[in-house]
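Student: Sending over model15.tsv (TSV, C-alpha atoms and all ligand atoms).
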chain	number	residue	atom	x	y	z
L	1465	MET	CA	-67.47	48.61	0.15
L	1466	SER	CA	-64.96	46.23	1.67
L	1467	ASP	CA	-61.98	48.18	2.78
L	1468	PRO	CA	-58.98	46.35	4.18
L	1469	GLU	CA	-58.12	48.89	6.85
L	1470	VAL	CA	-61.66	49.03	8.16
L	1471	LEU	CA	-62.54	48.87	11.82
L	1472	SER	CA	-59.79	47.15	13.72
L	1473	ALA	CA	-59.00	44.43	11.19
L	1474	ASN	CA	-55.64	44.61	12.91
L	1475	ALA	CA	-56.24	46.26	16.23
L	1476	GLU	CA	-52.63	46.06	17.49
L	1477	GLY	CA	-51.16	47.56	14.37
L	1478	THR	CA	-53.82	50.23	14.27
L	1479	LEU	CA	-53.05	51.18	17.86
L	1480	ARG	CA	-49.33	51.42	17.20
L	1481	ALA	CA	-49.89	53.50	14.06
L	1482	SER	CA	-52.34	55.77	15.89
L	1483	GLN	CA	-49.90	56.24	18.75
L	1484	ALA	CA	-47.07	57.15	16.38
L	1485	ARG	CA	-49.28	59.61	14.52
L	1486	SER	CA	-50.51	61.05	17.82
L	1487	ASP	CA	-46.93	61.54	19.07
L	1488	ALA	CA	-46.01	63.41	15.87
L	1489	ILE	CA	-49.08	65.65	16.20
L	1490	GLU	CA	-48.29	66.31	19.85
L	1491	LYS	CA	-44.97	67.81	18.72
L	1492	ASP	CA	-46.51	69.75	15.85
L	1493	LEU	CA	-49.39	71.34	17.71
L	1494	ILE	CA	-47.04	73.26	19.96
L	1495	VAL	CA	-45.46	74.86	16.90
L	1496	ASN	CA	-48.60	75.09	14.74
L	1497	PRO	CA	-51.66	75.29	17.00
L	1498	GLY	CA	-53.56	77.14	14.26
L	1499	ARG	CA	-53.60	74.00	12.10
L	1500	TYR	CA	-55.95	72.19	14.42
L	1501	ARG	CA	-59.61	72.16	15.14
L	1502	MET	CA	-60.15	69.75	17.98
L	1503	LEU	CA	-63.42	68.24	19.01
L	1504	THR	CA	-64.22	66.03	21.93
L	1505	GLY	CA	-67.11	65.53	24.30
L	1506	ASP	CA	-68.81	63.76	27.15
L	1507	ARG	CA	-72.14	62.07	27.60
L	1508	PRO	CA	-74.17	63.93	30.23
L	1509	THR	CA	-75.07	60.80	32.18
L	1510	GLY	CA	-74.01	62.12	35.58
L	1511	LYS	CA	-71.56	64.46	37.23
L	1512	LEU	CA	-68.03	64.56	35.86
L	1513	HIS	CA	-65.43	63.03	38.16
L	1514	ILE	CA	-61.69	63.24	38.68
L	1515	GLY	CA	-61.20	60.42	36.17
L	1516	HIS	CA	-62.71	62.70	33.52
L	1517	TYR	CA	-60.64	65.57	34.84
L	1518	PHE	CA	-57.22	63.89	34.70
L	1519	GLY	CA	-58.03	61.62	31.76
L	1520	SER	CA	-59.38	64.29	29.51
L	1521	LEU	CA	-60.54	67.69	30.79
L	1522	ALA	CA	-57.15	68.92	31.96
L	1523	ASN	CA	-55.68	68.01	28.59
L	1524	ARG	CA	-58.42	69.88	26.72
L	1525	VAL	CA	-57.69	72.96	28.77
L	1526	ARG	CA	-53.99	72.61	27.98
L	1527	LEU	CA	-54.73	72.34	24.24
L	1528	GLN	CA	-57.16	75.24	24.34
L	1529	ASN	CA	-54.50	77.35	26.04
L	1530	LEU	CA	-51.97	76.40	23.38
L	1531	GLY	CA	-54.31	78.11	20.93
L	1532	LEU	CA	-56.11	75.19	19.23
L	1533	ASP	CA	-59.62	75.86	17.97
L	1534	THR	CA	-61.47	73.93	20.66
L	1535	TRP	CA	-64.96	72.41	20.38
L	1536	VAL	CA	-66.55	70.62	23.32
L	1537	LEU	CA	-69.68	68.57	22.81
L	1538	ILE	CA	-72.23	67.72	25.45
L	1539	ALA	CA	-73.27	64.49	23.77
L	1540	ASP	CA	-76.88	64.42	24.93
L	1541	TYR	CA	-78.22	62.21	22.13
L	1542	GLN	CA	-75.57	59.67	23.10
L	1543	VAL	CA	-77.10	59.31	26.55
L	1544	ILE	CA	-79.89	57.10	25.23
L	1545	TYR	CA	-77.93	54.41	23.37
L	1546	ASP	CA	-77.48	52.19	26.44
L	1547	ARG	CA	-80.31	53.10	28.80
L	1548	ASP	CA	-84.02	53.80	28.95
L	1549	GLY	CA	-84.69	57.50	29.05
L	1550	VAL	CA	-82.53	60.53	29.65
L	1551	GLY	CA	-82.36	60.64	33.46
L	1552	GLU	CA	-81.64	64.00	35.08
L	1553	ILE	CA	-80.61	65.42	31.73
L	1554	ARG	CA	-81.16	69.11	32.48
L	1555	ASP	CA	-79.17	68.99	35.72
L	1556	ASN	CA	-76.46	66.90	34.14
L	1557	VAL	CA	-76.06	69.25	31.19
L	1558	LEU	CA	-75.93	72.31	33.42
L	1559	SER	CA	-73.45	70.65	35.74
L	1560	GLU	CA	-71.29	69.62	32.77
L	1561	VAL	CA	-71.10	73.22	31.56
L	1562	ALA	CA	-70.15	74.27	35.11
L	1563	ASP	CA	-67.47	71.55	35.32
L	1564	TYR	CA	-66.02	72.68	31.99
L	1565	LEU	CA	-65.83	76.35	32.89
L	1566	ALA	CA	-64.61	75.70	36.43
L	1567	SER	CA	-61.85	73.46	35.06
L	1568	GLY	CA	-60.64	76.14	32.67
L	1569	ILE	CA	-62.54	75.75	29.41
L	1570	ASP	CA	-62.98	79.37	28.35
L	1571	PRO	CA	-66.09	80.08	26.29
L	1572	ALA	CA	-64.28	83.01	24.67
L	1573	GLN	CA	-61.85	80.53	23.12
L	1574	SER	CA	-63.90	77.34	22.97
L	1575	THR	CA	-67.29	76.34	21.59
L	1576	ILE	CA	-69.46	74.35	23.99
L	1577	PHE	CA	-72.60	72.86	22.41
L	1578	ALA	CA	-75.10	69.99	22.65
L	1579	HIS	CA	-76.27	67.49	20.01
L	1580	SER	CA	-79.95	68.08	20.55
L	1581	GLN	CA	-79.71	71.74	19.55
L	1582	ILE	CA	-77.90	71.24	16.23
L	1583	PRO	CA	-80.38	69.86	13.65
L	1584	ALA	CA	-77.96	69.90	10.70
L	1585	LEU	CA	-75.39	67.84	12.62
L	1586	ASN	CA	-77.97	65.15	13.26
L	1587	GLN	CA	-79.14	65.23	9.66
L	1588	LEU	CA	-75.69	64.16	8.49
L	1589	LEU	CA	-76.40	60.79	10.07
L	1590	LEU	CA	-78.69	59.93	7.17
L	1591	PRO	CA	-76.24	60.06	4.24
L	1592	PHE	CA	-73.48	58.74	6.52
L	1593	LEU	CA	-75.48	55.62	7.37
L	1594	SER	CA	-75.54	54.72	3.68
L	1595	LEU	CA	-71.74	54.56	3.69
L	1596	VAL	CA	-71.26	51.73	6.19
L	1597	THR	CA	-72.40	48.14	6.22
L	1598	ASP	CA	-74.21	46.24	8.89
L	1599	SER	CA	-71.22	43.93	9.44
L	1600	GLU	CA	-68.81	46.85	9.83
L	1601	LEU	CA	-71.07	48.29	12.49
L	1602	ARG	CA	-71.39	44.96	14.28
L	1603	ARG	CA	-67.67	44.35	14.55
L	1604	ASN	CA	-66.87	47.69	16.19
L	1605	PRO	CA	-65.21	46.51	19.44
L	1606	THR	CA	-66.37	49.53	21.45
L	1607	VAL	CA	-69.97	48.90	20.45
L	1608	LYS	CA	-69.57	45.26	21.51
L	1609	ASP	CA	-68.26	46.34	24.93
L	1610	GLU	CA	-70.95	48.93	25.44
L	1611	LEU	CA	-73.59	46.42	24.41
L	1612	ALA	CA	-72.29	43.88	26.94
L	1613	ASN	CA	-72.17	46.51	29.70
L	1614	SER	CA	-75.68	47.72	28.96
L	1615	GLY	CA	-77.23	44.31	29.63
L	1616	ARG	CA	-79.80	45.10	26.95
L	1617	PRO	CA	-80.51	43.93	23.43
L	1618	MET	CA	-78.82	45.87	20.63
L	1619	SER	CA	-80.85	48.96	19.81
L	1620	GLY	CA	-80.64	50.66	16.43
L	1621	LEU	CA	-78.92	53.58	18.08
L	1622	MET	CA	-76.42	51.37	19.92
L	1623	LEU	CA	-75.47	49.85	16.58
L	1624	THR	CA	-75.16	53.17	14.78
L	1625	PHE	CA	-73.96	55.65	17.39
L	1626	PRO	CA	-70.40	55.54	16.06
L	1627	VAL	CA	-71.79	56.93	12.78
L	1628	HIS	CA	-73.53	59.66	14.72
L	1629	GLN	CA	-70.23	60.30	16.48
L	1630	ALA	CA	-68.61	60.60	13.06
L	1631	ALA	CA	-71.14	63.36	12.36
L	1632	ASP	CA	-69.99	65.08	15.59
L	1633	ILE	CA	-66.46	65.13	14.29
L	1634	LEU	CA	-67.20	65.87	10.65
L	1635	PHE	CA	-69.92	68.51	10.85
L	1636	CYS	CA	-67.35	71.04	12.08
L	1637	LYS	CA	-64.50	69.49	10.07
L	1638	ALA	CA	-62.45	68.77	13.16
L	1639	ASN	CA	-59.07	67.25	12.36
L	1640	LEU	CA	-58.06	66.33	15.89
L	1641	VAL	CA	-59.93	64.26	18.46
L	1642	PRO	CA	-58.27	63.87	21.87
L	1643	VAL	CA	-59.58	60.58	23.26
L	1644	GLY	CA	-58.67	57.40	25.07
L	1645	LYS	CA	-57.88	54.15	23.28
L	1646	ASP	CA	-61.45	52.92	23.61
L	1647	GLN	CA	-62.59	55.63	21.18
L	1648	LEU	CA	-60.14	54.73	18.39
L	1649	PRO	CA	-62.62	52.53	16.51
L	1650	HIS	CA	-64.98	55.52	16.33
L	1651	ILE	CA	-62.30	57.70	14.81
L	1652	GLU	CA	-61.69	55.00	12.23
L	1653	VAL	CA	-65.39	55.19	11.36
L	1654	ALA	CA	-65.14	58.97	10.93
L	1655	ARG	CA	-62.11	58.60	8.64
L	1656	LEU	CA	-63.83	55.93	6.61
L	1657	ILE	CA	-67.01	57.93	6.18
L	1658	ALA	CA	-65.09	61.07	5.20
L	1659	ARG	CA	-63.26	59.13	2.50
L	1660	ARG	CA	-66.27	57.22	1.25
L	1661	PHE	CA	-68.42	60.31	1.05
L	1662	ASP	CA	-66.10	61.84	-1.50
L	1663	GLU	CA	-65.75	58.58	-3.39
L	1664	ARG	CA	-69.46	57.96	-3.47
L	1665	TYR	CA	-70.34	61.42	-4.73
L	1666	GLY	CA	-67.70	61.58	-7.40
L	1667	ARG	CA	-65.57	64.12	-5.65
L	1668	ALA	CA	-62.39	62.10	-5.88
L	1669	ASP	CA	-60.84	64.76	-8.15
L	1670	ALA	CA	-61.99	67.73	-6.11
L	1671	THR	CA	-59.09	69.74	-4.77
L	1672	THR	CA	-60.47	69.78	-1.25
L	1673	PRO	CA	-62.52	66.94	0.10
L	1674	VAL	CA	-65.76	67.89	1.85
L	1675	PHE	CA	-64.49	66.29	5.06
L	1676	PRO	CA	-60.96	66.13	6.45
L	1677	GLN	CA	-59.38	62.99	7.90
L	1678	ALA	CA	-59.44	63.34	11.67
L	1679	ASP	CA	-56.63	62.05	13.84
L	1680	ALA	CA	-56.77	60.82	17.40
L	1681	LEU	CA	-54.66	62.53	20.00
L	1682	LEU	CA	-54.06	59.76	22.51
L	1683	SER	CA	-53.83	61.10	26.00
L	1684	ALA	CA	-50.62	60.47	27.93
L	1685	ALA	CA	-52.55	60.60	31.21
L	1686	PRO	CA	-52.37	57.46	33.32
L	1687	HIS	CA	-55.50	55.41	33.73
L	1688	ILE	CA	-57.08	56.22	37.09
L	1689	LEU	CA	-59.01	53.50	38.90
L	1690	GLY	CA	-61.96	53.91	41.21
L	1691	LEU	CA	-61.42	53.92	44.98
L	1692	ASP	CA	-62.13	50.18	45.13
L	1693	GLY	CA	-59.42	49.43	42.57
L	1694	THR	CA	-61.87	48.63	39.76
L	1695	LYS	CA	-62.81	50.74	36.74
L	1696	MET	CA	-63.91	54.19	37.82
L	1697	SER	CA	-67.61	54.47	37.17
L	1698	LYS	CA	-70.49	56.29	38.76
L	1699	SER	CA	-72.58	53.15	38.93
L	1700	ARG	CA	-69.95	51.52	41.16
L	1701	GLN	CA	-69.97	54.45	43.57
L	1702	ASN	CA	-66.21	54.53	43.55
L	1703	VAL	CA	-65.70	57.99	42.08
L	1704	ILE	CA	-64.80	61.39	43.44
L	1705	GLU	CA	-66.81	63.95	41.53
L	1706	ILE	CA	-65.10	67.21	40.61
L	1707	GLY	CA	-67.85	69.06	42.48
L	1708	MET	CA	-67.81	67.06	45.72
L	1709	SER	CA	-67.05	68.86	48.99
L	1710	ALA	CA	-63.81	68.44	50.92
L	1711	ASP	CA	-65.70	66.39	53.53
L	1712	GLU	CA	-67.30	64.07	51.00
L	1713	THR	CA	-63.87	63.57	49.47
L	1714	ALA	CA	-62.35	62.75	52.87
L	1715	LYS	CA	-65.09	60.21	53.61
L	1716	LEU	CA	-64.69	58.45	50.28
L	1717	VAL	CA	-60.91	58.31	50.49
L	1718	LYS	CA	-61.16	56.88	54.02
L	1719	LYS	CA	-63.20	53.98	52.64
L	1720	ALA	CA	-60.83	53.39	49.70
L	1721	LYS	CA	-59.52	49.86	49.32
L	1722	THR	CA	-55.84	49.23	50.10
L	1723	ASP	CA	-54.02	45.99	50.91
L	1724	SER	CA	-52.57	44.21	53.93
L	1725	GLU	CA	-48.98	45.31	53.46
L	1726	ARG	CA	-48.18	48.27	55.69
L	1727	HIS	CA	-45.12	49.61	53.88
L	1728	ILE	CA	-46.23	51.81	50.98
L	1729	THR	CA	-44.67	51.23	47.58
L	1730	TYR	CA	-45.56	52.29	44.05
L	1731	ASP	CA	-46.16	49.08	42.13
L	1732	PRO	CA	-49.21	49.36	39.84
L	1733	VAL	CA	-49.05	45.72	38.74
L	1734	SER	CA	-49.03	43.91	42.07
L	1735	ARG	CA	-50.50	46.68	44.25
L	1736	PRO	CA	-53.10	48.38	42.02
L	1737	GLU	CA	-55.21	49.96	44.79
L	1738	VAL	CA	-52.34	51.49	46.78
L	1739	SER	CA	-50.55	52.60	43.61
L	1740	ASN	CA	-53.69	54.24	42.33
L	1741	LEU	CA	-53.86	56.36	45.48
L	1742	VAL	CA	-50.18	57.25	45.15
L	1743	MET	CA	-50.85	58.22	41.53
L	1744	LEU	CA	-53.64	60.58	42.59
L	1745	VAL	CA	-51.20	62.39	44.87
L	1746	SER	CA	-48.69	62.46	42.03
L	1747	LEU	CA	-51.22	63.97	39.61
L	1748	VAL	CA	-52.24	66.82	41.87
L	1749	THR	CA	-48.78	67.60	43.24
L	1750	GLY	CA	-46.73	66.97	40.09
L	1751	ARG	CA	-44.35	64.83	42.18
L	1752	ASN	CA	-42.92	61.50	41.11
L	1753	PRO	CA	-45.02	58.55	42.42
L	1754	GLN	CA	-41.95	56.59	43.60
L	1755	ASP	CA	-40.79	59.53	45.71
L	1756	ILE	CA	-44.22	59.90	47.26
L	1757	ALA	CA	-44.40	56.20	48.15
L	1758	GLU	CA	-40.91	56.26	49.61
L	1759	GLU	CA	-41.67	59.28	51.72
L	1760	ILE	CA	-44.74	57.56	53.21
L	1761	GLY	CA	-43.05	54.18	53.61
L	1762	ASP	CA	-43.98	52.71	57.00
L	1763	GLY	CA	-46.52	55.47	57.53
L	1764	GLY	CA	-48.91	53.00	55.93
L	1765	SER	CA	-52.26	53.49	54.30
L	1766	GLY	CA	-53.44	55.93	56.98
L	1767	THR	CA	-50.73	58.40	56.05
L	1768	LEU	CA	-51.28	57.73	52.35
L	1769	LYS	CA	-55.01	58.42	52.60
L	1770	LYS	CA	-54.43	61.57	54.58
L	1771	MET	CA	-52.10	62.76	51.86
L	1772	VAL	CA	-54.60	61.87	49.11
L	1773	THR	CA	-57.40	63.74	50.83
L	1774	GLU	CA	-55.35	66.81	51.60
L	1775	SER	CA	-53.69	67.10	48.22
L	1776	LEU	CA	-56.91	66.46	46.26
L	1777	ASN	CA	-58.85	68.95	48.35
L	1778	GLU	CA	-56.14	71.54	47.99
L	1779	TYR	CA	-55.92	71.06	44.22
L	1780	PHE	CA	-59.68	71.11	43.63
L	1781	ALA	CA	-60.54	73.88	46.11
L	1782	PRO	CA	-60.37	76.74	43.58
L	1783	ILE	CA	-62.12	74.65	40.90
L	1784	ARG	CA	-64.88	73.75	43.34
L	1785	ALA	CA	-65.28	77.34	44.45
L	1786	ARG	CA	-65.60	78.50	40.83
L	1787	ARG	CA	-68.05	75.69	40.13
L	1788	ALA	CA	-70.27	76.71	43.05
L	1789	ASP	CA	-70.18	80.35	41.93
L	1790	LEU	CA	-71.11	79.37	38.39
L	1791	LEU	CA	-73.99	77.18	39.50
L	1792	ALA	CA	-75.32	80.05	41.55
L	1793	SER	CA	-76.17	81.78	38.23
L	1794	PRO	CA	-77.57	79.09	35.94
L	1795	ASP	CA	-78.75	81.73	33.46
L	1796	HIS	CA	-75.18	82.55	32.62
L	1797	LEU	CA	-74.32	78.87	32.09
L	1798	TRP	CA	-77.32	78.34	29.81
L	1799	GLN	CA	-76.31	81.44	27.88
L	1800	VAL	CA	-72.80	80.04	27.37
L	1801	LEU	CA	-74.34	76.88	25.97
L	1802	ARG	CA	-76.73	78.86	23.78
L	1803	ASP	CA	-73.90	80.93	22.32
L	1804	GLY	CA	-71.92	77.77	21.62
L	1805	CYS	CA	-74.94	76.15	19.96
L	1806	GLU	CA	-75.48	79.22	17.81
L	1807	LYS	CA	-71.94	79.01	16.53
L	1808	ALA	CA	-72.20	75.24	16.02
L	1809	ASN	CA	-75.44	75.72	14.08
L	1810	GLU	CA	-73.83	78.19	11.69
L	1811	VAL	CA	-71.06	75.73	10.96
L	1812	ALA	CA	-73.41	72.74	10.74
L	1813	ASP	CA	-75.77	74.55	8.35
L	1814	GLN	CA	-72.86	75.45	6.10
L	1815	THR	CA	-71.58	71.86	6.07
L	1816	LEU	CA	-75.02	70.52	5.28
L	1817	LEU	CA	-75.20	72.88	2.28
L	1818	GLU	CA	-71.92	71.44	1.02
L	1819	VAL	CA	-73.24	67.93	1.55
L	1820	ARG	CA	-76.44	68.70	-0.34
L	1821	ALA	CA	-74.43	70.26	-3.15
L	1822	ALA	CA	-72.22	67.16	-3.41
L	1823	MET	CA	-75.35	64.99	-3.43
L	1824	GLN	CA	-77.00	67.16	-6.12
L	1825	MET	CA	-79.82	68.03	-3.78
L	1826	GLU	CA	-79.32	71.75	-4.01
L	1827	TYR	CA	-82.57	72.28	-5.88
L	1828	TRP	CA	-83.01	75.99	-5.33
L	1829	GLY	CA	-79.42	77.10	-5.12
L	1830	HIS	CA	-77.65	78.25	-2.02
L	1831	ASP	CA	-80.04	80.87	-0.77
L	1832	HIS	CA	-83.31	79.02	-0.46
L	1833	HIS	CA	-82.61	75.84	1.41
L	1901	LIG	N1	-68.40	58.63	23.10
L	1901	LIG	C1	-67.60	59.59	23.81
L	1901	LIG	C2	-67.40	59.08	25.25
L	1901	LIG	O1	-68.16	58.25	25.72
L	1901	LIG	C3	-68.23	60.97	23.87
L	1901	LIG	C4	-68.31	61.60	22.51
L	1901	LIG	C5	-69.44	61.87	21.79
L	1901	LIG	C6	-67.21	62.02	21.70
L	1901	LIG	N2	-69.14	62.42	20.61
L	1901	LIG	C7	-67.79	62.54	20.51
L	1901	LIG	C8	-65.83	62.02	21.88
L	1901	LIG	C9	-66.98	63.03	19.48
L	1901	LIG	C10	-65.04	62.51	20.83
L	1901	LIG	C11	-65.61	63.00	19.64
L	1901	LIG	O2	-66.50	59.52	25.90
Take the structure in this file and express it as structure tokens.
Ligand code: TRP

Tutor:
Amino acid sequence: MSDPEVLSANAEGTLRASQARSDAIEKDLIVNPGRYRMLTGDRPTGKLHIGHYFGSLANRVRLQNLGLDTWVLIADYQVIYDRDGVGEIRDNVLSEVADYLASGIDPAQSTIFAHSQIPALNQLLLPFLSLVTDSELRRNPTVKDELANSGRPMSGLMLTFPVHQAADILFCKANLVPVGKDQLPHIEVARLIARRFDERYGRADATTPVFPQADALLSAAPHILGLDGTKMSKSRQNVIEIGMSADETAKLVKKAKTDSERHITYDPVSRPEVSNLVMLVSLVTGRNPQDIAEEIGDGGSGTLKKMVTESLNEYFAPIRARRADLLASPDHLWQVLRDGCEKANEVADQTLLEVRAAMQMEYWGHDHH
């Protein structure tokens, strides 16, 4: 089972190859959106924030609107790989559905679903686990990072969640996964499992493999930092949630870290905090960050922060209003999730039948599983 291209044997080269492939796909999907089924998702560990929005959500909406078949997973079984218990899971799931719809995910075009409601997806984990070795799992760099961040011993789920994530991608035969660089090792796992499944079950000559090879679509969005200049993360209380009020946003921006130099410039390397704020203005206004910094100039961080607050609040006002309206009728949001789960279950059941057939476990034929 040793495979030379496995799991970041050459991380640099893999990244460059993935980027090149991603750039080619980015050009193709505008011409051929119908060729792609894209799947991506979020762990419902808290409220989604503007890092999620600019890093990922806005891009999903763009791809959906280009006509790609869009699947969005609320990865609820992934919540428990690095913590004890599920937290405010119900609220977080509901709020995630609201964030999706408010941001422009359209349930008429996209399928929104949750792990816990799709038994056949989860069942794929079992045959998939037989296709990877312990050492492959242990050298996954993202698992190593997550393990270190969790401050806990390695749980069985922590070790194997990338295989479960492969099931997320493969159950619906997605061929495109828009993600950040940190998720590339997981996509490698999905590709590996897809290939090995066919090899293992003697399907090498079959005209169509059971599972396609998924590609990453690497987001072009800049990496947004938290308001203190470190990684944006809820636990550091440095995030602006999509659903925060204009006042809460103003308060947080006021407290944002800057530096001692009055004159504002855009210089992400030596002035990360100030540049991050300039970038936020750039993202919501579509203006060039250098121009924004130049315009503020000696206005200093006070002027910069005022601009951040005003432009963010203006940009998110309609999204926040929609979100509040949506959350006023939770029944509708749950129904959207139910409909998505129903569709996901149909697809997952069908895939599991194909898997059982390949594994010669189709004892009573197709109709009596
Ligand atoms: N692990 C991803 C994250 O933390 C979320 C996720 C779960 C995901 N399943 C997925 C992303 C499948 C892409 C495809 O962001």

Student: Considering only C-alpha atoms and all ligand atoms, tabulate each residue of chain L that lies at most 10 Å from ligand LIG 1901 (chain L) along with its nearest interatomic pair and the corresponding distance in Å to one decimal; arrange the rows by chain and ascending residue number and present them as a Markdown table.

Tutor:
| residue | atom | partner | partner_atom | distance |
| --- | --- | --- | --- | --- |
| L:Met1502 | CA | L:LIG1901 | C11 | 8.8 |
| L:Leu1503 | CA | L:LIG1901 | C11 | 5.7 |
| L:Thr1504 | CA | L:LIG1901 | C10 | 3.8 |
| L:Gly1505 | CA | L:LIG1901 | C6 | 4.4 |
| L:Asp1506 | CA | L:LIG1901 | C3 | 4.3 |
| L:Arg1507 | CA | L:LIG1901 | C3 | 5.5 |
| L:Pro1508 | CA | L:LIG1901 | C3 | 9.2 |
| L:Thr1509 | CA | L:LIG1901 | O1 | 9.8 |
| L:His1516 | CA | L:LIG1901 | O2 | 9.1 |
| L:Ser1520 | CA | L:LIG1901 | O2 | 9.3 |
| L:Trp1535 | CA | L:LIG1901 | C11 | 9.5 |
| L:Val1536 | CA | L:LIG1901 | C11 | 8.5 |
| L:Leu1537 | CA | L:LIG1901 | N2 | 6.6 |
| L:Ile1538 | CA | L:LIG1901 | C5 | 7.4 |
| L:Ala1539 | CA | L:LIG1901 | C5 | 5.0 |
| L:Asp1540 | CA | L:LIG1901 | C5 | 8.5 |
| L:Tyr1541 | CA | L:LIG1901 | C5 | 8.8 |
| L:Gln1542 | CA | L:LIG1901 | C5 | 6.6 |
| L:Val1543 | CA | L:LIG1901 | O1 | 9.0 |
| L:Ala1578 | CA | L:LIG1901 | N2 | 9.8 |
| L:His1579 | CA | L:LIG1901 | N2 | 8.8 |
| L:Thr1606 | CA | L:LIG1901 | N1 | 9.5 |
| L:Glu1610 | CA | L:LIG1901 | O1 | 9.7 |
| L:Phe1625 | CA | L:LIG1901 | N1 | 8.5 |
| L:Pro1626 | CA | L:LIG1901 | N1 | 7.9 |
| L:Val1627 | CA | L:LIG1901 | N2 | 9.9 |
| L:His1628 | CA | L:LIG1901 | N2 | 7.8 |
| L:Gln1629 | CA | L:LIG1901 | N2 | 4.8 |
| L:Ala1630 | CA | L:LIG1901 | C9 | 7.1 |
| L:Ala1631 | CA | L:LIG1901 | C9 | 8.3 |
| L:Asp1632 | CA | L:LIG1901 | C9 | 5.3 |
| L:Ile1633 | CA | L:LIG1901 | C9 | 5.6 |
| L:Leu1634 | CA | L:LIG1901 | C9 | 9.3 |
| L:Ala1638 | CA | L:LIG1901 | C11 | 9.2 |
| L:Leu1640 | CA | L:LIG1901 | C11 | 9.1 |
| L:Val1641 | CA | L:LIG1901 | C10 | 5.9 |
| L:Pro1642 | CA | L:LIG1901 | C10 | 7.0 |
| L:Val1643 | CA | L:LIG1901 | C10 | 6.3 |
| L:Gly1644 | CA | L:LIG1901 | O2 | 8.2 |
| L:Asp1646 | CA | L:LIG1901 | O2 | 8.6 |
| L:Gln1647 | CA | L:LIG1901 | N1 | 6.8 |
| L:Leu1648 | CA | L:LIG1901 | C10 | 9.5 |
| L:His1650 | CA | L:LIG1901 | N1 | 8.2 |
| L:Ile1651 | CA | L:LIG1901 | C11 | 7.9 |
| L:Ala1654 | CA | L:LIG1901 | C11 | 9.6 |
| L:Ala1680 | CA | L:LIG1901 | C10 | 9.1 |

Student: Using all atoms listed in the file, pick whichever of L:Asp1533, L:Lys1511, L:Val1703, L:Ser1697 has the shortest atom-to-atom distance to L:Asp1563.

Tutor: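 Looking only at the distances to L:Asp1563, the closest residue turns out to be L:Lys1511.
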
Student: I'd like the neighbourhood of L:Leu1691 as number ranges by chain, where a residue qualifies if any of its atoms comes within 7 Å (using only C-alpha atoms), though same-chain residues fewer than 4 positions away should be ignored.

Tutor: L: 1702-1703, 1720-1721

Student: Given the choices L:Ala1821, L:Leu1816, L:Val1674, L:Val1800, which gets closest to L:Ile1576 if the distance is worked out from only C-alpha atoms?

Tutor: L:Val1800

Student: Might you pull out every residue within 7 Å of L:Asn1639, with all atoms listed in the file counted and same-chain residues fewer than 2 positions away left off, and present them as a ChimeraX atom specification?

Tutor: /L:1500-1502,1637,1641,1676-1679

Student: For atom CA of L:Leu1790 and atom CA of L:Ser1574, determine how far apart the two atoms are, in Å to one decimal place.

Tutor: 17.1 Å

Student: Of the residues L:Leu1623, L:Ile1657, L:Ala1714, L:Leu1512, which is the one nearest to L:Ala1566, using all atoms listed in the file?

Tutor: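 Using all atoms listed in the file, L:Ala1566 sits closest to L:Leu1512.
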
Student: Counting all atoms listed in the file, what is within 10 Å of L:Asp1570, bar same-chain residues fewer than 5 positions away, as a list in words?

Tutor: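 The neighbour list is Val1525, Gln1528, Asn1529, Thr1534, Tyr1564, Leu1565, Thr1575, Ile1576 and Val1800 of chain L.
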
Student: Interatomic distance between atom CA of L:Ala1808 and atom CA of L:Ser1580?

Tutor: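 It comes out at 11.5 Å.
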
Student: How many Å lie between atom CA of L:Asn1809 and atom CA of L:Ile1582, rounded to one decimal?

Tutor: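 Here the two named atoms are 5.5 Å from each other.
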
Student: Leaving out L:Lys1695 and any residue of its chain fewer than 5 positions from it, which residues lie within 12 Å of it when counting all atoms listed in the file, given as a ChimeraX atom specification?

Tutor: /L:1515,1687-1690,1700-1703,1736-1737,1740

Student: Once you have the residues from the selection above, write them out as an mmCIF file, in the frame of the given file, restricted to C-alpha atoms.

Tutor:
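And here is the file that came out, out.cif:
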data_model
loop_
_atom_site.group_PDB
_atom_site.id
_atom_site.type_symbol
_atom_site.label_atom_id
_atom_site.label_comp_id
_atom_site.auth_asym_id
_atom_site.auth_seq_id
_atom_site.Cartn_x
_atom_site.Cartn_y
_atom_site.Cartn_z
ATOM 1 C CA GLY L 1515 -61.200 60.420 36.170
ATOM 2 C CA HIS L 1687 -55.500 55.410 33.730
ATOM 3 C CA ILE L 1688 -57.080 56.220 37.090
ATOM 4 C CA LEU L 1689 -59.010 53.500 38.900
ATOM 5 C CA GLY L 1690 -61.960 53.910 41.210
ATOM 6 C CA ARG L 1700 -69.950 51.520 41.160
ATOM 7 C CA GLN L 1701 -69.970 54.450 43.570
ATOM 8 C CA ASN L 1702 -66.210 54.530 43.550
ATOM 9 C CA VAL L 1703 -65.700 57.990 42.080
ATOM 10 C CA PRO L 1736 -53.100 48.380 42.020
ATOM 11 C CA GLU L 1737 -55.210 49.960 44.790
ATOM 12 C CA ASN L 1740 -53.690 54.240 42.330
#

Student: Would you please work out which residue, of L:Glu1818, L:Arg1554, L:Lys1715, L:Asp1731, is nearest to L:Thr1672 when using all atoms listed in the file?

Tutor: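 Ranking L:Glu1818, L:Arg1554, L:Lys1715, L:Asp1731 by distance to L:Thr1672, first place goes to L:Glu1818.
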
Student: Excluding same-chain residues fewer than 5 positions from L:Gly1763, what lies within 8 Å of it counting all atoms listed in the file, as a PyMOL selection string?

Tutor: chain L and resi 1726-1728+1768
